[in-house]
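Participant: Handing over coords39.pdb, PDB, C-alpha atoms, pLDDT in the B column.
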ATOM      1  CA  MET A 252      -5.821 -39.786 -18.185  1.00 45.00           C
ATOM      2  CA  ALA A 253      -4.848 -36.288 -17.113  1.00 47.00           C
ATOM      3  CA  GLU A 254      -7.603 -34.113 -15.717  1.00 50.00           C
ATOM      4  CA  GLU A 255      -8.856 -31.653 -18.308  1.00 53.00           C
ATOM      5  CA  LYS A 256      -8.140 -28.059 -17.416  1.00 52.00           C
ATOM      6  CA  LYS A 257     -11.296 -26.173 -16.577  1.00 54.00           C
ATOM      7  CA  SER A 258     -12.235 -22.979 -18.325  1.00 55.00           C
ATOM      8  CA  ARG A 259     -12.041 -19.719 -16.431  1.00 53.00           C
ATOM      9  CA  ILE A 260     -15.837 -19.456 -16.159  1.00 58.00           C
ATOM     10  CA  GLU A 261     -16.201 -23.037 -14.892  1.00 62.00           C
ATOM     11  CA  ALA A 262     -13.424 -22.528 -12.347  1.00 59.00           C
ATOM     12  CA  ASP A 263     -14.972 -19.270 -11.139  1.00 58.00           C
ATOM     13  CA  ILE A 264     -18.430 -20.839 -10.761  1.00 63.00           C
ATOM     14  CA  GLU A 265     -17.010 -23.767  -8.811  1.00 64.00           C
ATOM     15  CA  SER A 266     -14.920 -21.516  -6.591  1.00 59.00           C
ATOM     16  CA  LEU A 267     -17.865 -19.234  -5.831  1.00 56.00           C
ATOM     17  CA  GLU A 268     -19.967 -22.243  -4.848  1.00 58.00           C
ATOM     18  CA  GLN A 269     -17.226 -23.212  -2.408  1.00 58.00           C
ATOM     19  CA  GLY A 270     -16.830 -19.669  -1.157  1.00 53.00           C
ATOM     20  CA  ILE A 271     -13.349 -19.373  -2.682  1.00 51.00           C
ATOM     21  CA  PHE A 272     -12.085 -17.105  -5.403  1.00 47.00           C
ATOM     22  CA  THR A 273      -9.491 -18.828  -7.568  1.00 49.00           C
ATOM     23  CA  GLY A 274      -8.272 -15.709  -9.353  1.00 47.00           C
ATOM     24  CA  GLU A 275      -8.300 -14.468 -12.923  1.00 46.00           C
ATOM     25  CA  GLU A 276      -6.567 -17.531 -14.360  1.00 44.00           C
ATOM     26  CA  GLY A 277      -8.877 -19.993 -12.677  1.00 45.00           C
ATOM     27  CA  GLY A 278      -5.965 -21.796 -11.054  1.00 45.00           C
ATOM     28  CA  ASP A 279      -5.788 -23.725  -7.827  1.00 44.00           C
ATOM     29  CA  GLU A 280      -3.862 -21.062  -5.956  1.00 48.00           C
ATOM     30  CA  ARG A 281      -5.853 -18.403  -4.181  1.00 55.00           C
ATOM     31  CA  SER A 282      -4.934 -15.341  -2.204  1.00 61.00           C
ATOM     32  CA  SER A 283      -4.120 -16.078   1.429  1.00 72.00           C
ATOM     33  CA  PRO A 284      -5.291 -13.942   4.381  1.00 76.00           C
ATOM     34  CA  ARG A 285      -1.689 -12.828   4.942  1.00 74.00           C
ATOM     35  CA  LYS A 286      -1.336 -11.742   1.314  1.00 76.00           C
ATOM     36  CA  ASP A 287      -4.561  -9.741   1.540  1.00 80.00           C
ATOM     37  CA  PHE A 288      -3.373  -8.170   4.798  1.00 80.00           C
ATOM     38  CA  ILE A 289      -0.031  -7.132   3.304  1.00 81.00           C
ATOM     39  CA  ALA A 290      -1.740  -5.903   0.137  1.00 81.00           C
ATOM     40  CA  SER A 291      -4.128  -3.715   2.155  1.00 84.00           C
ATOM     41  CA  ILE A 292      -1.193  -2.115   3.998  1.00 86.00           C
ATOM     42  CA  PHE A 293       0.777  -1.525   0.813  1.00 84.00           C
ATOM     43  CA  VAL A 294      -2.183  -0.025  -1.062  1.00 85.00           C
ATOM     44  CA  ALA A 295      -3.006   2.235   1.895  1.00 87.00           C
ATOM     45  CA  LEU A 296       0.593   3.489   2.057  1.00 88.00           C
ATOM     46  CA  LEU A 297       0.530   4.110  -1.683  1.00 84.00           C
ATOM     47  CA  GLY A 298      -2.676   6.117  -1.263  1.00 85.00           C
ATOM     48  CA  VAL A 299      -1.173   8.204   1.555  1.00 88.00           C
ATOM     49  CA  PHE A 300       1.947   8.826  -0.540  1.00 85.00           C
ATOM     50  CA  ALA A 301      -0.173   9.990  -3.481  1.00 82.00           C
ATOM     51  CA  MET A 302      -2.190  12.322  -1.251  1.00 84.00           C
ATOM     52  CA  ILE A 303       0.960  13.875   0.252  1.00 85.00           C
ATOM     53  CA  LEU A 304       2.389  14.540  -3.199  1.00 80.00           C
ATOM     54  CA  ALA A 305      -0.962  15.939  -4.324  1.00 79.00           C
ATOM     55  CA  VAL A 306      -1.038  18.454  -1.474  1.00 79.00           C
ATOM     56  CA  GLN A 307       2.463  19.636  -2.412  1.00 77.00           C
ATOM     57  CA  LEU A 308       1.401  20.513  -5.966  1.00 72.00           C
ATOM     58  CA  GLY A 309       0.194  23.951  -4.921  1.00 66.00           C
ATOM     59  CA  LYS A 310      -2.995  25.743  -3.874  1.00 63.00           C
ATOM     60  CA  PRO A 311      -4.595  28.028  -6.459  1.00 63.00           C
ATOM     61  CA  GLU A 312      -7.520  30.299  -5.713  1.00 64.00           C
ATOM     62  CA  SER A 313     -10.121  27.543  -5.994  1.00 65.00           C
ATOM     63  CA  LEU A 314      -9.916  24.003  -4.657  1.00 64.00           C
ATOM     64  CA  TYR A 315     -11.748  22.721  -7.721  1.00 62.00           C
ATOM     65  CA  THR A 316      -8.962  23.910 -10.035  1.00 62.00           C
ATOM     66  CA  ALA A 317      -6.095  22.550  -7.916  1.00 70.00           C
ATOM     67  CA  PRO A 318      -3.681  20.349  -9.910  1.00 71.00           C
ATOM     68  CA  GLY A 319      -3.531  17.927  -7.007  1.00 75.00           C
ATOM     69  CA  LEU A 320      -7.286  17.387  -6.797  1.00 77.00           C
ATOM     70  CA  LEU A 321      -7.401  14.311  -9.047  1.00 75.00           C
ATOM     71  CA  PRO A 322      -4.323  12.610  -7.488  1.00 79.00           C
ATOM     72  CA  PHE A 323      -5.685  13.405  -4.005  1.00 82.00           C
ATOM     73  CA  VAL A 324      -9.053  11.815  -4.778  1.00 84.00           C
ATOM     74  CA  THR A 325      -7.277   8.820  -6.328  1.00 83.00           C
ATOM     75  CA  GLY A 326      -5.124   8.395  -3.216  1.00 84.00           C
ATOM     76  CA  ALA A 327      -8.166   8.627  -0.961  1.00 87.00           C
ATOM     77  CA  SER A 328      -9.907   5.986  -3.084  1.00 89.00           C
ATOM     78  CA  LEU A 329      -6.921   3.664  -2.677  1.00 87.00           C
ATOM     79  CA  ILE A 330      -7.074   4.081   1.096  1.00 89.00           C
ATOM     80  CA  LEU A 331     -10.800   3.274   1.144  1.00 91.00           C
ATOM     81  CA  MET A 332     -10.256   0.156  -0.987  1.00 90.00           C
ATOM     82  CA  ALA A 333      -7.394  -0.943   1.267  1.00 88.00           C
ATOM     83  CA  LEU A 334      -9.572  -0.424   4.338  1.00 91.00           C
ATOM     84  CA  GLY A 335     -12.357  -2.480   2.759  1.00 89.00           C
ATOM     85  CA  LEU A 336      -9.955  -5.331   1.966  1.00 86.00           C
ATOM     86  CA  PHE A 337      -8.535  -5.223   5.494  1.00 87.00           C
ATOM     87  CA  VAL A 338     -11.950  -5.285   7.196  1.00 88.00           C
ATOM     88  CA  LYS A 339     -13.220  -8.076   4.935  1.00 87.00           C
ATOM     89  CA  THR A 340     -10.144 -10.215   5.565  1.00 83.00           C
ATOM     90  CA  LYS A 341     -10.231  -9.666   9.328  1.00 84.00           C
ATOM     91  CA  ARG A 342     -13.904 -10.559   9.602  1.00 85.00           C
ATOM     92  CA  ARG A 343     -13.459 -13.714   7.545  1.00 83.00           C
ATOM     93  CA  TYR A 344     -10.191 -15.083   8.927  1.00 79.00           C
ATOM     94  CA  GLY A 345      -9.230 -13.145  12.069  1.00 81.00           C
ATOM     95  CA  TRP A 346      -5.874 -11.829  13.225  1.00 77.00           C
ATOM     96  CA  GLU A 347      -4.207 -15.222  13.634  1.00 74.00           C
ATOM     97  CA  GLU A 348      -4.543 -16.204   9.974  1.00 73.00           C
ATOM     98  CA  MET A 349      -3.710 -12.698   8.757  1.00 72.00           C
ATOM     99  CA  LEU A 350      -0.437 -12.617  10.694  1.00 73.00           C
ATOM    100  CA  LYS A 351       0.597 -16.207   9.993  1.00 69.00           C
ATOM    101  CA  SER A 352       4.040 -16.138   8.383  1.00 62.00           C
ATOM    102  CA  GLU A 353       5.378 -18.589   5.809  1.00 60.00           C
ATOM    103  CA  GLY A 354       8.956 -17.387   6.260  1.00 55.00           C
ATOM    104  CA  THR A 355      11.399 -16.557   3.505  1.00 61.00           C
ATOM    105  CA  GLN A 356       9.944 -19.270   1.273  1.00 61.00           C
ATOM    106  CA  ALA A 357       6.902 -17.101   0.637  1.00 61.00           C
ATOM    107  CA  ILE A 358       9.158 -14.298  -0.590  1.00 63.00           C
ATOM    108  CA  LYS A 359      11.058 -16.694  -2.841  1.00 69.00           C
ATOM    109  CA  ASN A 360       7.818 -18.058  -4.263  1.00 66.00           C
ATOM    110  CA  TYR A 361       6.585 -14.539  -4.886  1.00 64.00           C
ATOM    111  CA  PHE A 362       9.631 -13.491  -6.877  1.00 67.00           C
ATOM    112  CA  ALA A 363       9.721 -16.813  -8.718  1.00 72.00           C
ATOM    113  CA  ASP A 364       6.448 -15.918 -10.436  1.00 70.00           C
ATOM    114  CA  ILE A 365       7.044 -13.791 -13.537  1.00 75.00           C
ATOM    115  CA  GLU A 366       3.626 -12.134 -13.194  1.00 72.00           C
ATOM    116  CA  GLN A 367       4.503 -10.986  -9.685  1.00 72.00           C
ATOM    117  CA  ARG A 368       7.764  -9.512 -10.928  1.00 76.00           C
ATOM    118  CA  ARG A 369       5.903  -7.726 -13.716  1.00 78.00           C
ATOM    119  CA  THR A 370       3.482  -6.308 -11.151  1.00 75.00           C
ATOM    120  CA  LEU A 371       6.343  -5.019  -9.009  1.00 78.00           C
ATOM    121  CA  LEU A 372       7.905  -3.412 -12.064  1.00 81.00           C
ATOM    122  CA  LEU A 373       4.612  -1.707 -12.865  1.00 80.00           C
ATOM    123  CA  MET A 374       4.334  -0.335  -9.328  1.00 79.00           C
ATOM    124  CA  LEU A 375       7.928   0.905  -9.510  1.00 83.00           C
ATOM    125  CA  VAL A 376       7.280   2.671 -12.822  1.00 84.00           C
ATOM    126  CA  ILE A 377       4.127   4.320 -11.458  1.00 81.00           C
ATOM    127  CA  GLY A 378       5.953   5.413  -8.308  1.00 81.00           C
ATOM    128  CA  ILE A 379       8.756   7.009 -10.320  1.00 85.00           C
ATOM    129  CA  TYR A 380       6.155   8.593 -12.616  1.00 85.00           C
ATOM    130  CA  VAL A 381       4.336  10.238  -9.706  1.00 79.00           C
ATOM    131  CA  VAL A 382       7.570  11.578  -8.193  1.00 81.00           C
ATOM    132  CA  VAL A 383       8.933  12.946 -11.495  1.00 83.00           C
ATOM    133  CA  LEU A 384       5.584  14.459 -12.461  1.00 80.00           C
ATOM    134  CA  GLY A 385       5.421  16.277  -9.136  1.00 75.00           C
ATOM    135  CA  GLN A 386       8.745  17.972  -9.901  1.00 79.00           C
ATOM    136  CA  MET A 387       7.776  19.160 -13.391  1.00 79.00           C
ATOM    137  CA  ASP A 388       6.916  22.781 -14.081  1.00 80.00           C
ATOM    138  CA  MET A 389       6.345  23.331 -17.793  1.00 82.00           C
ATOM    139  CA  ASP A 390       3.459  24.780 -19.749  1.00 82.00           C
ATOM    140  CA  LEU A 391       3.928  25.618 -23.422  1.00 83.00           C
ATOM    141  CA  ARG A 392       1.067  27.319 -25.275  1.00 84.00           C
ATOM    142  CA  PHE A 393       0.309  27.876 -28.941  1.00 85.00           C
ATOM    143  CA  LYS A 394      -2.618  30.234 -29.513  1.00 85.00           C
ATOM    144  CA  THR A 395      -4.781  30.060 -32.604  1.00 84.00           C
ATOM    145  CA  SER A 396      -7.970  31.848 -33.570  1.00 83.00           C
ATOM    146  CA  PHE A 397     -10.149  28.979 -32.350  1.00 82.00           C
ATOM    147  CA  TYR A 398      -8.167  27.190 -29.630  1.00 80.00           C
ATOM    148  CA  THR A 399      -5.086  27.456 -27.423  1.00 80.00           C
ATOM    149  CA  PHE A 400      -3.022  24.295 -27.742  1.00 84.00           C
ATOM    150  CA  ARG A 401      -1.011  23.413 -24.647  1.00 84.00           C
ATOM    151  CA  PHE A 402       1.815  21.007 -23.969  1.00 86.00           C
ATOM    152  CA  SER A 403       2.800  20.673 -20.320  1.00 86.00           C
ATOM    153  CA  GLY A 404       4.879  18.436 -18.119  1.00 86.00           C
ATOM    154  CA  PHE A 405       1.850  16.177 -17.783  1.00 87.00           C
ATOM    155  CA  GLU A 406       1.959  15.261 -21.464  1.00 90.00           C
ATOM    156  CA  LEU A 407       5.768  15.183 -21.552  1.00 90.00           C
ATOM    157  CA  ILE A 408       5.998  12.581 -18.781  1.00 90.00           C
ATOM    158  CA  SER A 409       2.702  10.704 -19.160  1.00 90.00           C
ATOM    159  CA  ILE A 410       2.971   9.789 -22.840  1.00 91.00           C
ATOM    160  CA  PRO A 411       6.317   7.928 -22.603  1.00 91.00           C
ATOM    161  CA  VAL A 412       5.352   6.247 -19.300  1.00 90.00           C
ATOM    162  CA  ILE A 413       2.037   4.934 -20.638  1.00 90.00           C
ATOM    163  CA  PHE A 414       3.785   3.976 -23.882  1.00 92.00           C
ATOM    164  CA  PHE A 415       6.274   1.889 -21.890  1.00 89.00           C
ATOM    165  CA  ILE A 416       3.520   0.228 -19.842  1.00 87.00           C
ATOM    166  CA  LEU A 417       1.514  -0.624 -22.951  1.00 88.00           C
ATOM    167  CA  ARG A 418       4.569  -1.914 -24.782  1.00 86.00           C
ATOM    168  CA  PHE A 419       5.615  -4.069 -21.839  1.00 82.00           C
ATOM    169  CA  PHE A 420       2.218  -5.530 -20.930  1.00 79.00           C
ATOM    170  CA  TRP A 421       0.181  -5.256 -24.128  1.00 77.00           C
ATOM    171  CA  ARG A 422       3.103  -6.116 -26.440  1.00 73.00           C
ATOM    172  CA  SER A 423       1.472  -4.516 -29.456  1.00 79.00           C
ATOM    173  CA  THR A 424       3.380  -2.662 -32.177  1.00 87.00           C
ATOM    174  CA  LEU A 425       5.312   0.492 -31.360  1.00 89.00           C
ATOM    175  CA  LEU A 426       2.925   2.574 -33.440  1.00 91.00           C
ATOM    176  CA  ASN A 427      -0.184   1.195 -31.732  1.00 91.00           C
ATOM    177  CA  CYS A 428       1.293   1.739 -28.257  1.00 90.00           C
ATOM    178  CA  PHE A 429       2.303   5.291 -29.142  1.00 92.00           C
ATOM    179  CA  LEU A 430      -1.083   6.172 -30.631  1.00 93.00           C
ATOM    180  CA  VAL A 431      -3.013   4.726 -27.683  1.00 93.00           C
ATOM    181  CA  ALA A 432      -0.739   6.377 -25.108  1.00 92.00           C
ATOM    182  CA  THR A 433      -0.946   9.738 -26.856  1.00 93.00           C
ATOM    183  CA  GLY A 434      -4.706   9.467 -27.301  1.00 93.00           C
ATOM    184  CA  ILE A 435      -5.301   8.626 -23.640  1.00 91.00           C
ATOM    185  CA  VAL A 436      -3.111  11.443 -22.333  1.00 91.00           C
ATOM    186  CA  VAL A 437      -4.486  14.070 -24.723  1.00 90.00           C
ATOM    187  CA  PHE A 438      -8.065  13.020 -23.937  1.00 91.00           C
ATOM    188  CA  LEU A 439      -7.503  13.282 -20.171  1.00 87.00           C
ATOM    189  CA  ALA A 440      -5.725  16.619 -20.585  1.00 87.00           C
ATOM    190  CA  VAL A 441      -8.554  18.106 -22.631  1.00 86.00           C
ATOM    191  CA  VAL A 442     -11.288  16.775 -20.342  1.00 85.00           C
ATOM    192  CA  PHE A 443      -9.752  17.965 -17.076  1.00 81.00           C
ATOM    193  CA  ARG A 444      -8.017  21.110 -18.343  1.00 82.00           C
ATOM    194  CA  ASP A 445     -10.743  22.463 -20.627  1.00 80.00           C
ATOM    195  CA  GLY A 446     -13.835  20.617 -19.428  1.00 79.00           C
ATOM    196  CA  PHE A 447     -13.448  20.733 -15.638  1.00 75.00           C
ATOM    197  CA  GLN A 448     -10.981  23.663 -15.574  1.00 77.00           C
ATOM    198  CA  ILE A 449      -8.586  21.650 -13.387  1.00 75.00           C
ATOM    199  CA  LEU A 450      -4.862  22.266 -13.586  1.00 74.00           C
ATOM    200  CA  LEU A 451      -2.937  19.090 -14.313  1.00 77.00           C
ATOM    201  CA  PRO A 452       0.165  17.978 -12.396  1.00 75.00           C
ATOM    202  CA  GLY A 453       3.368  19.105 -14.073  1.00 70.00           C
ATOM    203  CA  SER A 454       1.799  22.141 -15.751  1.00 70.00           C
ATOM    204  CA  GLY A 455       3.123  24.708 -13.304  1.00 57.00           C
TER     205      GLY A 455
END
With the file now loaded, output its structure as structure tokens.
Facilitator:
Amino acid sequence: MAEEKKSRIEADIESLEQGIFTGEEGGDERSSPRKDFIASIFVALLGVFAMILAVQLGKPESLYTAPGLLPFVTGASLILMALGLFVKTKRRYGWEEMLKSEGTQAIKNYFADIEQRRTLLLMLVIGIYVVVLGQMDMDLRFKTSFYTFRFSGFELISIPVIFFILRFFWRSTLLNCFLVATGIVVFLAVVFRDGFQILLPGSG
């Protein structure tokens, strides 16, 4: 009789008792020290890249209203998380396990997994999004008696990108993806632009 597949909670409890994390799907495969090491490097480089782009967005009179403030803080957070993962992995396994190579077979196994390919696609989309957003310089305004409505490069680029991500990963209807993407972007724009008085990337 085939062994009954354990639920995610049961697998997580068992793995924690053994000092092993089996992952979100509760499978047998777990992250290796080398994978964690590579991931920490990649995330740190992504954080540095985001911070460099953030600095290039311009310097208004006040630091707190700089359009690059939020991306800069996000990039710094990525670097801190990468550093934490690196230190944790080194303390637990040491350099030898972190640098142990599985050869080209590890690369083949990585790309053979559809979830890994989807993750790479997501990172590629986000990378392109950051680059394109940094080149935008648009800020349209429509004044009324009670509020000034604005539509900048942030909304122009962010809405379709988030719509694509939701459609690809969430696989809901086109209308639902569009409404959620628009709602998220408009909410963030209002909070940071009107609430915190922070210029958003792509708004000039």
Participant: Excluding stretch 330-333 of chain A and any residue of its chain fewer than 4 positions from it, enumerate the residues within 6 Å of it, using all atoms listed in the file, and give them as a PDB file with C-alpha atoms, in the frame of the given file.
Facilitator:
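Writing the result to out16.pdb gives the following:
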ATOM      1  CA  SER A 291      -4.128  -3.715   2.155  1.00 84.00           C
ATOM      2  CA  VAL A 294      -2.183  -0.025  -1.062  1.00 85.00           C
ATOM      3  CA  ALA A 295      -3.006   2.235   1.895  1.00 87.00           C
ATOM      4  CA  GLY A 298      -2.676   6.117  -1.263  1.00 85.00           C
TER       5      GLY A 298
END
Participant: With the file shown as input, list the residues that the PyMOL selection byres ((chain A and resi 336-350) around 7) selects, as a list of chain:residue names.
Facilitator: A:Pro284, A:Arg285, A:Asp287, A:Phe288, A:Ser291, A:Met332, A:Ala333, A:Leu334, A:Gly335, A:Lys351, A:Ser352
Participant: Give me, as a ChimeraX atom specification, all polymer residues having an atom no more than 8 Å from stretch 326-328 of chain A, counting all atoms listed in the file and skipping those fewer than 3 positions away in the same chain.
Facilitator: /A:297-302,322-323,331-332
Participant: Please, which residues are within 9 Å of (-2.9, 3.9, -24.1) by the file's coordinates, counting only C-alpha atoms, and could they come as a CSV table (one decimal) with C-alpha atoms, in the frame of the given file?
Facilitator:
chain,number,residue,atom,x,y,z
A,410,ILE,CA,3.0,9.8,-22.8
A,413,ILE,CA,2.0,4.9,-20.6
A,414,PHE,CA,3.8,4.0,-23.9
A,416,ILE,CA,3.5,0.2,-19.8
A,417,LEU,CA,1.5,-0.6,-23.0
A,427,ASN,CA,-0.2,1.2,-31.7
A,428,CYS,CA,1.3,1.7,-28.3
A,429,PHE,CA,2.3,5.3,-29.1
A,430,LEU,CA,-1.1,6.2,-30.6
A,431,VAL,CA,-3.0,4.7,-27.7
A,432,ALA,CA,-0.7,6.4,-25.1
A,433,THR,CA,-0.9,9.7,-26.9
A,434,GLY,CA,-4.7,9.5,-27.3
A,435,ILE,CA,-5.3,8.6,-23.6
A,436,VAL,CA,-3.1,11.4,-22.3
Participant: So which residues touch A:Pro452 within 9 Å, counting only C-alpha atoms, skipping near sequence neighbours fewer than 3 positions away, as JSON, numbers by chain?
Facilitator: {"A": [305, 308, 317, 318, 319, 322, 384, 385, 386, 387, 388, 403, 404, 405, 455]}
Participant: Could you jot down the atom CA of A:Val382 to atom CA of A:Gln307 separation for me, Å, one decimal place?
Facilitator: 11.2 Å
Participant: Nearest to A:Leu320: which of A:Leu450, A:Leu391, A:Val442, A:Leu296 is it, counting all atoms listed in the file?
Facilitator: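 Selected residue with least distance to A:Leu320: A:Leu450.
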Participant: Considering only C-alpha atoms, state which residue in the set A:Ile365, A:Val437, A:Leu329, A:Leu407 is at the smallest distance from A:Val383.
Facilitator: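 Answer, going by the shortest atom-to-atom distance: A:Leu407.
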Participant: Take atom CA of A:Leu321 and atom CA of A:Arg401 and report the distance between them in Å, one decimal.
Facilitator: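 Answer for the atom CA of A:Leu321 to atom CA of A:Arg401 separation: 19.2 Å.
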Participant: Between A:Phe400, A:Ile289, A:Glu366, A:Val324, which residue has the minimum interatomic distance to A:Val441, considering all atoms listed in the file?
Facilitator: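 Residue with the minimum atom-to-atom distance to A:Val441: A:Phe400.
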Participant: Atom CA of A:Thr399 and atom CA of A:Gly446 are how many Å apart?
Facilitator: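 Distance reported for this atom pair: 13.7 Å.
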Participant: Kindly compute an axis-aligned box around the listed atoms of stretch 304-309 of chain A, allowing 8 Å on each side, and express its centre and edge lengths in Å to one decimal as JSON.
Facilitator:
{"center_x": 0.7, "center_y": 19.2, "center_z": -3.7, "size_x": 19.5, "size_y": 25.4, "size_z": 20.5}
